[in-house]
$ cat structure14.tsv   # TSV, C-alpha atoms
chain	number	residue	atom	x	y	z
A	19	GLU	CA	-38.86	-68.03	17.13
A	20	ALA	CA	-40.58	-70.46	14.78
A	21	GLY	CA	-42.91	-68.90	12.25
A	22	VAL	CA	-46.34	-69.94	11.02
A	23	ALA	CA	-46.23	-73.42	9.51
A	24	GLN	CA	-48.50	-74.66	6.73
A	25	SER	CA	-48.87	-77.91	4.87
A	26	PRO	CA	-48.98	-79.07	2.22
A	27	ARG	CA	-47.15	-76.46	0.18
A	28	TYR	CA	-48.71	-77.54	-3.09
A	29	LYS	CA	-51.84	-79.49	-3.99
A	30	ILE	CA	-53.39	-80.45	-7.32
A	31	ILE	CA	-56.90	-81.93	-7.36
A	32	GLU	CA	-59.75	-82.36	-9.78
A	33	LYS	CA	-62.97	-80.41	-9.44
A	34	ARG	CA	-65.54	-81.91	-7.07
A	35	GLN	CA	-62.79	-83.52	-4.99
A	36	SER	CA	-62.14	-82.49	-1.42
A	37	VAL	CA	-58.94	-81.03	0.06
A	38	ALA	CA	-57.70	-79.97	3.48
A	39	PHE	CA	-55.00	-77.55	4.56
A	40	TRP	CA	-53.28	-77.41	7.92
A	41	CYS	CA	-51.84	-74.47	9.84
A	42	ASN	CA	-49.79	-74.24	13.02
A	43	PRO	CA	-49.56	-70.65	14.28
A	44	ILE	CA	-46.75	-69.00	16.22
A	45	SER	CA	-46.72	-70.29	19.78
A	46	GLY	CA	-48.87	-68.18	22.09
A	47	HIS	CA	-50.78	-66.39	19.34
A	48	ALA	CA	-54.45	-66.27	20.20
A	49	THR	CA	-55.75	-65.13	16.83
A	50	LEU	CA	-55.55	-67.14	13.63
A	51	TYR	CA	-56.63	-66.13	10.13
A	52	TRP	CA	-57.14	-67.89	6.80
A	53	TYR	CA	-56.82	-65.85	3.61
A	54	GLN	CA	-57.41	-66.71	-0.03
A	55	GLN	CA	-55.09	-65.08	-2.58
A	56	ILE	CA	-56.15	-65.42	-6.20
A	57	LEU	CA	-53.45	-64.81	-8.77
A	58	GLY	CA	-52.95	-61.10	-9.39
A	59	GLN	CA	-54.92	-60.00	-6.33
A	60	GLY	CA	-54.28	-59.16	-2.71
A	61	PRO	CA	-55.23	-61.69	-0.04
A	62	LYS	CA	-58.86	-61.80	1.06
A	63	LEU	CA	-59.85	-62.84	4.60
A	64	LEU	CA	-61.89	-66.05	4.73
A	65	ILE	CA	-62.16	-66.66	8.47
A	66	GLN	CA	-60.74	-65.36	11.75
A	67	PHE	CA	-60.47	-67.29	15.02
A	68	GLN	CA	-59.90	-65.94	18.50
A	69	ASN	CA	-58.61	-68.96	20.45
A	70	ASN	CA	-61.03	-71.68	19.27
A	71	GLY	CA	-63.99	-69.39	18.57
A	72	VAL	CA	-64.93	-67.84	15.22
A	73	VAL	CA	-64.74	-64.02	15.18
A	74	ASP	CA	-65.50	-63.38	11.51
A	75	ASP	CA	-66.46	-65.83	8.77
A	76	SER	CA	-68.54	-63.45	6.68
A	77	GLN	CA	-66.41	-64.05	3.55
A	78	LEU	CA	-66.27	-67.85	3.86
A	79	PRO	CA	-68.34	-69.73	1.22
A	80	LYS	CA	-69.97	-71.95	3.80
A	81	ASP	CA	-71.62	-74.25	1.28
A	82	ARG	CA	-68.21	-75.71	0.41
A	83	PHE	CA	-65.62	-74.30	2.84
A	84	SER	CA	-65.25	-75.19	6.49
A	85	ALA	CA	-62.61	-74.47	9.10
A	86	GLU	CA	-61.93	-75.43	12.66
A	87	ARG	CA	-59.42	-74.63	15.33
A	88	LEU	CA	-59.55	-77.33	17.93
A	89	LYS	CA	-57.97	-76.54	21.32
A	90	GLY	CA	-57.17	-73.04	20.13
A	91	VAL	CA	-53.89	-73.95	18.44
A	92	ASP	CA	-53.72	-75.72	15.06
A	93	SER	CA	-56.32	-75.10	12.41
A	94	THR	CA	-57.65	-76.95	9.38
A	95	LEU	CA	-59.36	-75.43	6.34
A	96	LYS	CA	-61.38	-77.79	4.14
A	97	ILE	CA	-62.95	-77.42	0.71
A	98	GLN	CA	-65.61	-79.93	-0.33
A	99	PRO	CA	-66.35	-80.09	-3.23
A	100	ALA	CA	-63.72	-77.98	-4.94
A	101	LYS	CA	-64.49	-75.78	-7.93
A	102	LEU	CA	-62.15	-74.45	-10.61
A	103	GLU	CA	-62.39	-70.94	-9.15
A	104	ASP	CA	-60.93	-72.20	-5.84
A	105	SER	CA	-57.50	-72.31	-7.48
A	106	ALA	CA	-55.49	-69.91	-5.33
A	107	VAL	CA	-52.89	-69.64	-2.60
A	108	TYR	CA	-54.32	-70.20	0.88
A	109	LEU	CA	-52.45	-68.23	3.51
A	110	CYS	CA	-52.58	-68.73	7.23
A	111	ALA	CA	-51.61	-65.91	9.58
A	112	SER	CA	-51.52	-65.41	13.33
A	113	SER	CA	-51.27	-62.54	15.79
A	114	LEU	CA	-50.94	-62.25	19.55
A	115	PHE	CA	-54.33	-60.58	19.91
A	116	THR	CA	-57.15	-59.26	17.80
A	117	GLY	CA	-56.68	-55.58	17.22
A	118	TYR	CA	-56.19	-53.05	14.47
A	119	GLN	CA	-52.64	-52.34	15.62
A	120	GLU	CA	-51.65	-55.97	15.85
A	121	THR	CA	-49.12	-57.36	13.37
A	122	GLN	CA	-50.22	-60.48	11.54
A	123	TYR	CA	-47.49	-62.99	10.70
A	124	PHE	CA	-48.01	-65.09	7.58
A	125	GLY	CA	-47.07	-68.63	6.71
A	126	PRO	CA	-45.64	-69.67	3.31
A	127	GLY	CA	-49.07	-70.61	1.96
A	128	THR	CA	-50.57	-73.62	0.22
A	129	ARG	CA	-50.86	-73.31	-3.54
A	130	LEU	CA	-54.00	-75.12	-4.77
A	131	LEU	CA	-54.68	-75.95	-8.39
A	132	VAL	CA	-58.12	-77.34	-9.27
A	133	LEU	CA	-58.32	-79.04	-12.68
B	23	ALA	CA	-65.56	-49.18	5.77
B	24	GLN	CA	-61.93	-49.25	4.72
B	25	SER	CA	-60.13	-49.60	1.41
B	26	VAL	CA	-56.69	-49.32	-0.15
B	27	THR	CA	-55.65	-48.23	-3.63
B	28	GLN	CA	-52.16	-48.94	-4.90
B	29	LEU	CA	-51.69	-46.49	-7.72
B	30	ASP	CA	-49.24	-48.54	-9.79
B	31	SER	CA	-49.58	-52.21	-10.65
B	32	HIS	CA	-45.98	-52.35	-11.92
B	33	VAL	CA	-42.91	-50.23	-11.14
B	34	SER	CA	-39.57	-50.69	-12.86
B	35	VAL	CA	-36.33	-49.12	-11.63
B	36	SER	CA	-32.62	-49.53	-12.18
B	37	GLU	CA	-30.40	-50.84	-9.42
B	38	GLY	CA	-29.12	-47.98	-7.28
B	39	THR	CA	-31.97	-45.60	-8.12
B	40	PRO	CA	-34.78	-44.56	-5.75
B	41	VAL	CA	-37.97	-46.57	-5.30
B	42	LEU	CA	-41.44	-45.05	-4.83
B	43	LEU	CA	-44.52	-47.24	-4.42
B	44	ARG	CA	-47.73	-45.25	-3.98
B	45	CYS	CA	-50.66	-46.08	-1.73
B	46	ASN	CA	-53.85	-44.22	-0.83
B	47	TYR	CA	-56.25	-45.42	1.82
B	48	SER	CA	-59.77	-44.78	3.01
B	49	SER	CA	-60.99	-45.42	6.53
B	50	SER	CA	-63.81	-44.23	8.77
B	51	TYR	CA	-61.56	-44.59	11.82
B	52	SER	CA	-57.95	-43.81	12.67
B	53	PRO	CA	-56.15	-46.57	10.82
B	54	SER	CA	-53.07	-48.67	11.20
B	55	LEU	CA	-51.20	-49.06	7.94
B	56	PHE	CA	-48.77	-51.75	6.88
B	57	TRP	CA	-46.54	-52.60	3.96
B	58	TYR	CA	-45.90	-56.28	3.28
B	59	VAL	CA	-43.55	-57.79	0.69
B	60	GLN	CA	-44.06	-61.10	-1.07
B	61	HIS	CA	-41.21	-62.77	-2.92
B	62	PRO	CA	-42.11	-65.45	-5.50
B	63	ASN	CA	-43.48	-68.59	-3.86
B	64	LYS	CA	-42.92	-67.14	-0.42
B	65	GLY	CA	-45.24	-65.91	2.30
B	66	LEU	CA	-45.90	-62.27	3.16
B	67	GLN	CA	-43.23	-60.50	5.19
B	68	LEU	CA	-43.89	-57.32	7.17
B	69	LEU	CA	-41.75	-54.39	5.99
B	70	LEU	CA	-43.10	-51.72	8.33
B	71	LYS	CA	-46.22	-50.49	10.08
B	72	TYR	CA	-47.78	-47.21	11.22
B	73	THR	CA	-49.87	-47.17	14.40
B	74	SER	CA	-50.45	-43.45	15.17
B	75	ALA	CA	-47.00	-42.72	16.60
B	76	ALA	CA	-44.35	-41.07	14.37
B	77	THR	CA	-45.65	-40.30	10.88
B	78	LEU	CA	-42.35	-41.32	9.27
B	79	VAL	CA	-41.90	-45.03	9.75
B	80	LYS	CA	-38.66	-46.89	9.12
B	81	GLY	CA	-38.75	-50.55	8.20
B	82	ILE	CA	-36.45	-53.36	7.27
B	83	ASN	CA	-33.99	-53.38	4.35
B	84	GLY	CA	-33.82	-49.57	4.13
B	85	PHE	CA	-37.50	-49.00	3.35
B	86	GLU	CA	-39.54	-46.23	4.93
B	87	ALA	CA	-43.03	-44.79	4.57
B	88	GLU	CA	-44.68	-41.53	5.54
B	89	PHE	CA	-48.25	-41.30	6.81
B	90	LYS	CA	-49.96	-38.18	5.44
B	91	LYS	CA	-53.45	-37.83	6.86
B	92	SER	CA	-54.33	-34.76	4.76
B	93	GLU	CA	-53.55	-36.69	1.59
B	94	THR	CA	-54.74	-40.10	2.91
B	95	SER	CA	-51.49	-41.55	1.61
B	96	PHE	CA	-48.85	-43.98	2.86
B	97	HIS	CA	-46.23	-44.17	0.12
B	98	LEU	CA	-43.27	-46.55	0.42
B	99	THR	CA	-39.78	-45.35	-0.49
B	100	LYS	CA	-36.20	-46.55	-0.58
B	101	PRO	CA	-33.24	-44.36	-1.56
B	102	SER	CA	-31.38	-46.99	-3.56
B	103	ALA	CA	-32.88	-50.14	-5.08
B	104	HIS	CA	-31.16	-53.50	-4.84
B	105	MET	CA	-31.72	-56.50	-7.07
B	106	SER	CA	-33.07	-58.41	-4.06
B	107	ASP	CA	-35.91	-55.85	-3.72
B	108	ALA	CA	-37.64	-57.30	-6.78
B	109	ALA	CA	-40.95	-58.65	-5.43
B	110	GLU	CA	-44.62	-57.79	-5.01
B	111	TYR	CA	-45.53	-55.19	-2.41
B	112	PHE	CA	-48.89	-54.84	-0.65
B	113	CYS	CA	-50.22	-51.80	1.17
B	114	VAL	CA	-52.64	-52.83	3.92
B	115	VAL	CA	-55.08	-50.94	6.18
B	116	SER	CA	-56.59	-52.01	9.47
B	117	ALA	CA	-58.99	-49.93	11.51
B	118	GLY	CA	-61.53	-49.98	14.28
B	119	GLY	CA	-65.29	-50.02	14.11
B	120	THR	CA	-67.02	-53.05	12.66
B	121	SER	CA	-63.86	-53.99	10.75
B	122	TYR	CA	-61.84	-54.13	13.98
B	123	GLY	CA	-58.60	-56.00	13.37
B	124	LYS	CA	-59.50	-56.93	9.80
B	125	LEU	CA	-56.80	-56.34	7.19
B	126	THR	CA	-57.77	-54.95	3.82
B	127	PHE	CA	-55.12	-55.40	1.14
B	128	GLY	CA	-54.39	-53.36	-1.93
B	129	GLN	CA	-54.06	-55.08	-5.30
B	130	GLY	CA	-50.28	-55.13	-5.07
B	131	THR	CA	-47.40	-53.46	-6.92
B	132	ILE	CA	-44.83	-55.59	-8.70
B	133	LEU	CA	-41.36	-54.05	-8.42
B	134	THR	CA	-38.82	-54.94	-11.09
B	135	VAL	CA	-35.17	-53.97	-10.59
B	136	HIS	CA	-32.90	-53.84	-13.63
B	137	PRO	CA	-29.11	-54.23	-13.39

$ encode --input "structure14.tsv" --output "structure tokens"
Amino acid sequence: EAGVAQSPRYKIIEKRQSVAFWCNPISGHATLYWYQQILGQGPKLLIQFQNNGVVDDSQLPKDRFSAERLKGVDSTLKIQPAKLEDSAVYLCASSLFTGYQETQYFGPGTRLLVL
Amino acid sequence: AQSVTQLDSHVSVSEGTPVLLRCNYSSSYSPSLFWYVQHPNKGLQLLLKYTSAATLVKGINGFEAEFKKSETSFHLTKPSAHMSDAAEYFCVVSAGGTSYGKLTFGQGTILTVHP
């Protein structure tokens, strides 16, 4: 079974530029998550989708971050404009359903460095 | 509300000796608890999870954890460390209520294994 795919793996940009990350979840998984992991910390949820609808985006800085999940499969996370403090690893995860007993499966992440 | 505290930011052991990584949790509802491992530049991999069945949970690579409700703990153990166990470990809680399905991560414990 193929895992969660993410691209690119690494990205270096200058502040005020824009950047986009892509995620392809495990086939058949209805729920998709984006996390931000700052160096030395545990991942923090940014946004959660159930099919193509947003379930929770309370931690997403909506003035600069946006995300979409068209057709309930792939998802894109965008940052515009980027700030220095956005340097982090962005992790995508998916699960079959939304539920507190559901296992979330993580992709390899995209490491972003903002200069 | 839910939270996780990993009691040690770094643990160092010798190869062949036991491993103990400590985790305490807080949750207003009956929780699910997970341990994930993250090797350098890799995504998060599920080691094991507790979902209100047996309190002693066995995971991959010889790891196990015991859910102790009275102590609100979910410590991770392994009888004999291997060099390949060197990584960062995250204790994670998920519960019902308004946080339904949302994962809350601890700060992580870096495990170092000496030859």

$ closest_residue --input "structure14.tsv" --among "B:His104, B:Lys64, B:His97, B:Lys71" --to "Thr121 in chain A" --atoms "only C-alpha atoms"
B:Lys71

$ interface_residues --input "structure14.tsv" --of "chain A" --to "chain B" --cutoff "8 Å" --atoms "only C-alpha atoms" --output "list of chain:residue names"
A:Gly58, A:Gln59, A:Gly60, A:Pro61, A:Lys62, A:Leu63, A:Leu109, A:Thr116, A:Gly117, A:Tyr118, A:Gln119, A:Glu120, A:Tyr123, A:Phe124, A:Gly125, A:Pro126, A:Gly127

$ write_last_selection --input "structure14.tsv" --atoms "C-alpha atoms" --output "mmCIF file, in the frame of the given file"
data_model
loop_
_atom_site.group_PDB
_atom_site.id
_atom_site.type_symbol
_atom_site.label_atom_id
_atom_site.label_comp_id
_atom_site.auth_asym_id
_atom_site.auth_seq_id
_atom_site.Cartn_x
_atom_site.Cartn_y
_atom_site.Cartn_z
ATOM 1 C CA GLY A 58 -52.950 -61.100 -9.390
ATOM 2 C CA GLN A 59 -54.920 -60.000 -6.330
ATOM 3 C CA GLY A 60 -54.280 -59.160 -2.710
ATOM 4 C CA PRO A 61 -55.230 -61.690 -0.040
ATOM 5 C CA LYS A 62 -58.860 -61.800 1.060
ATOM 6 C CA LEU A 63 -59.850 -62.840 4.600
ATOM 7 C CA LEU A 109 -52.450 -68.230 3.510
ATOM 8 C CA THR A 116 -57.150 -59.260 17.800
ATOM 9 C CA GLY A 117 -56.680 -55.580 17.220
ATOM 10 C CA TYR A 118 -56.190 -53.050 14.470
ATOM 11 C CA GLN A 119 -52.640 -52.340 15.620
ATOM 12 C CA GLU A 120 -51.650 -55.970 15.850
ATOM 13 C CA TYR A 123 -47.490 -62.990 10.700
ATOM 14 C CA PHE A 124 -48.010 -65.090 7.580
ATOM 15 C CA GLY A 125 -47.070 -68.630 6.710
ATOM 16 C CA PRO A 126 -45.640 -69.670 3.310
ATOM 17 C CA GLY A 127 -49.070 -70.610 1.960
#

$ residues_around --input "structure14.tsv" --residues "Asn83 in chain B" --least-positions-apart "4" --cutoff "10 Å" --atoms "only C-alpha atoms" --output "PDB file with C-alpha atoms, in the frame of the given file"
ATOM      1  CA  LEU B  69     -41.750 -54.390   5.990  1.00  0.00           C
ATOM      2  CA  LYS B 100     -36.200 -46.550  -0.580  1.00  0.00           C
ATOM      3  CA  HIS B 104     -31.160 -53.500  -4.840  1.00  0.00           C
ATOM      4  CA  SER B 106     -33.070 -58.410  -4.060  1.00  0.00           C
ATOM      5  CA  ASP B 107     -35.910 -55.850  -3.720  1.00  0.00           C
TER       6      ASP B 107
END

$ closest_residue --input "structure14.tsv" --among "B:His32, B:Lys80, B:His136, B:His61" --to "Ala109 in chain B" --atoms "all atoms listed in the file"
B:His61

$ residues_around --input "structure14.tsv" --residues "Ser25 in chain B" --least-positions-apart "3" --cutoff "7 Å" --atoms "only C-alpha atoms" --output "list in words"
Tyr47, Ser48, Ser49 and Thr126 of chain B

$ atom_distance --input "structure14.tsv" --atom1 "CA of Val35 in chain B" --atom2 "CA of Glu93 in chain B"
25.0 Å

$ atom_distance --input "structure14.tsv" --atom1 "CA of Glu88 in chain B" --atom2 "CA of Gln122 in chain A"
20.6 Å

$ atom_distance --input "structure14.tsv" --atom1 "CA of Pro137 in chain B" --atom2 "CA of Val41 in chain B"
14.2 Å

$ closest_residue --input "structure14.tsv" --among "A:Leu130, A:Ala106, A:Leu95, A:Ala111" --to "Gln55 in chain A" --atoms "only C-alpha atoms"
A:Ala106

$ residues_around --input "structure14.tsv" --residues "Ala38 in chain A" --least-positions-apart "5" --cutoff "12 Å" --atoms "all atoms listed in the file" --output "number ranges by chain"
A: 24-31, 82-86, 93-100, 108, 128-130

$ residues_around --input "structure14.tsv" --residues "Ser112 in chain A" --least-positions-apart "6" --cutoff "12 Å" --atoms "all atoms listed in the file" --output "PyMOL selection string"
(chain A and resi 21-24+41-53+65-69+90-93+120-125) or (chain B and resi 123)

$ write_last_selection --input "structure14.tsv" --atoms "C-alpha atoms" --output "compact mmCIF listing (two decimals), keeping the file's coordinate frame"
# COMPACT_ATOMS: atom_id res chain seq x y z
CA GLY A 21 -42.91 -68.90 12.25
CA VAL A 22 -46.34 -69.94 11.02
CA ALA A 23 -46.23 -73.42 9.51
CA GLN A 24 -48.50 -74.66 6.73
CA CYS A 41 -51.84 -74.47 9.84
CA ASN A 42 -49.79 -74.24 13.02
CA PRO A 43 -49.56 -70.65 14.28
CA ILE A 44 -46.75 -69.00 16.22
CA SER A 45 -46.72 -70.29 19.78
CA GLY A 46 -48.87 -68.18 22.09
CA HIS A 47 -50.78 -66.39 19.34
CA ALA A 48 -54.45 -66.27 20.20
CA THR A 49 -55.75 -65.13 16.83
CA LEU A 50 -55.55 -67.14 13.63
CA TYR A 51 -56.63 -66.13 10.13
CA TRP A 52 -57.14 -67.89 6.80
CA TYR A 53 -56.82 -65.85 3.61
CA ILE A 65 -62.16 -66.66 8.47
CA GLN A 66 -60.74 -65.36 11.75
CA PHE A 67 -60.47 -67.29 15.02
CA GLN A 68 -59.90 -65.94 18.50
CA ASN A 69 -58.61 -68.96 20.45
CA GLY A 90 -57.17 -73.04 20.13
CA VAL A 91 -53.89 -73.95 18.44
CA ASP A 92 -53.72 -75.72 15.06
CA SER A 93 -56.32 -75.10 12.41
CA GLU A 120 -51.65 -55.97 15.85
CA THR A 121 -49.12 -57.36 13.37
CA GLN A 122 -50.22 -60.48 11.54
CA TYR A 123 -47.49 -62.99 10.70
CA PHE A 124 -48.01 -65.09 7.58
CA GLY A 125 -47.07 -68.63 6.71
CA GLY B 123 -58.60 -56.00 13.37

$ decode --input "structure14.tsv" --residues "range 43-94 of chain B" --atoms "C-alpha atoms" --output "compact mmCIF listing (two decimals), in the first residue's frame"
# COMPACT_ATOMS: atom_id res chain seq x y z
CA LEU B 43 10.42 7.10 27.74
CA ARG B 44 7.92 8.78 30.06
CA CYS B 45 4.63 10.40 29.10
CA ASN B 46 1.79 11.90 31.14
CA TYR B 47 -1.45 13.04 29.59
CA SER B 48 -4.47 15.12 30.48
CA SER B 49 -7.89 14.71 28.90
CA SER B 50 -11.49 15.52 29.77
CA TYR B 51 -12.66 12.41 27.90
CA SER B 52 -11.51 8.82 27.58
CA PRO B 53 -8.49 9.21 25.35
CA SER B 54 -6.71 7.29 22.67
CA LEU B 55 -2.94 7.43 23.08
CA PHE B 56 -0.23 6.92 20.50
CA TRP B 57 3.53 6.77 20.30
CA TYR B 58 5.14 7.89 17.05
CA VAL B 59 8.83 7.73 16.11
CA GLN B 60 10.61 10.15 13.81
CA HIS B 61 14.00 9.31 12.36
CA PRO B 62 16.11 12.19 11.00
CA ASN B 63 14.63 13.67 7.84
CA LYS B 64 11.86 11.09 7.84
CA GLY B 65 8.14 11.27 8.47
CA LEU B 66 6.38 10.10 11.62
CA GLN B 67 5.87 6.36 11.98
CA LEU B 68 3.28 4.84 14.32
CA LEU B 69 4.86 2.59 16.98
CA LEU B 70 1.70 1.65 18.87
CA LYS B 71 -1.67 2.92 20.01
CA TYR B 72 -4.08 2.47 22.92
CA THR B 73 -7.83 2.68 22.26
CA SER B 74 -9.48 1.45 25.50
CA ALA B 75 -8.89 -2.27 24.96
CA ALA B 76 -5.94 -3.97 26.71
CA THR B 77 -3.97 -1.58 28.91
CA LEU B 78 -0.64 -3.14 27.88
CA VAL B 79 -0.08 -2.39 24.23
CA LYS B 80 2.57 -4.05 22.09
CA GLY B 81 3.98 -2.23 19.09
CA ILE B 82 6.54 -2.66 16.38
CA ASN B 83 10.27 -3.29 16.90
CA GLY B 84 9.81 -4.70 20.42
CA PHE B 85 8.31 -1.56 21.97
CA GLU B 86 5.38 -1.64 24.36
CA ALA B 87 3.47 0.84 26.51
CA GLU B 88 1.15 0.56 29.48
CA PHE B 89 -1.89 2.77 29.97
CA LYS B 90 -2.32 3.68 33.64
CA LYS B 91 -5.46 5.71 34.18
CA SER B 92 -4.83 6.30 37.90
CA GLU B 93 -1.45 7.83 37.09
CA THR B 94 -2.53 9.41 33.76
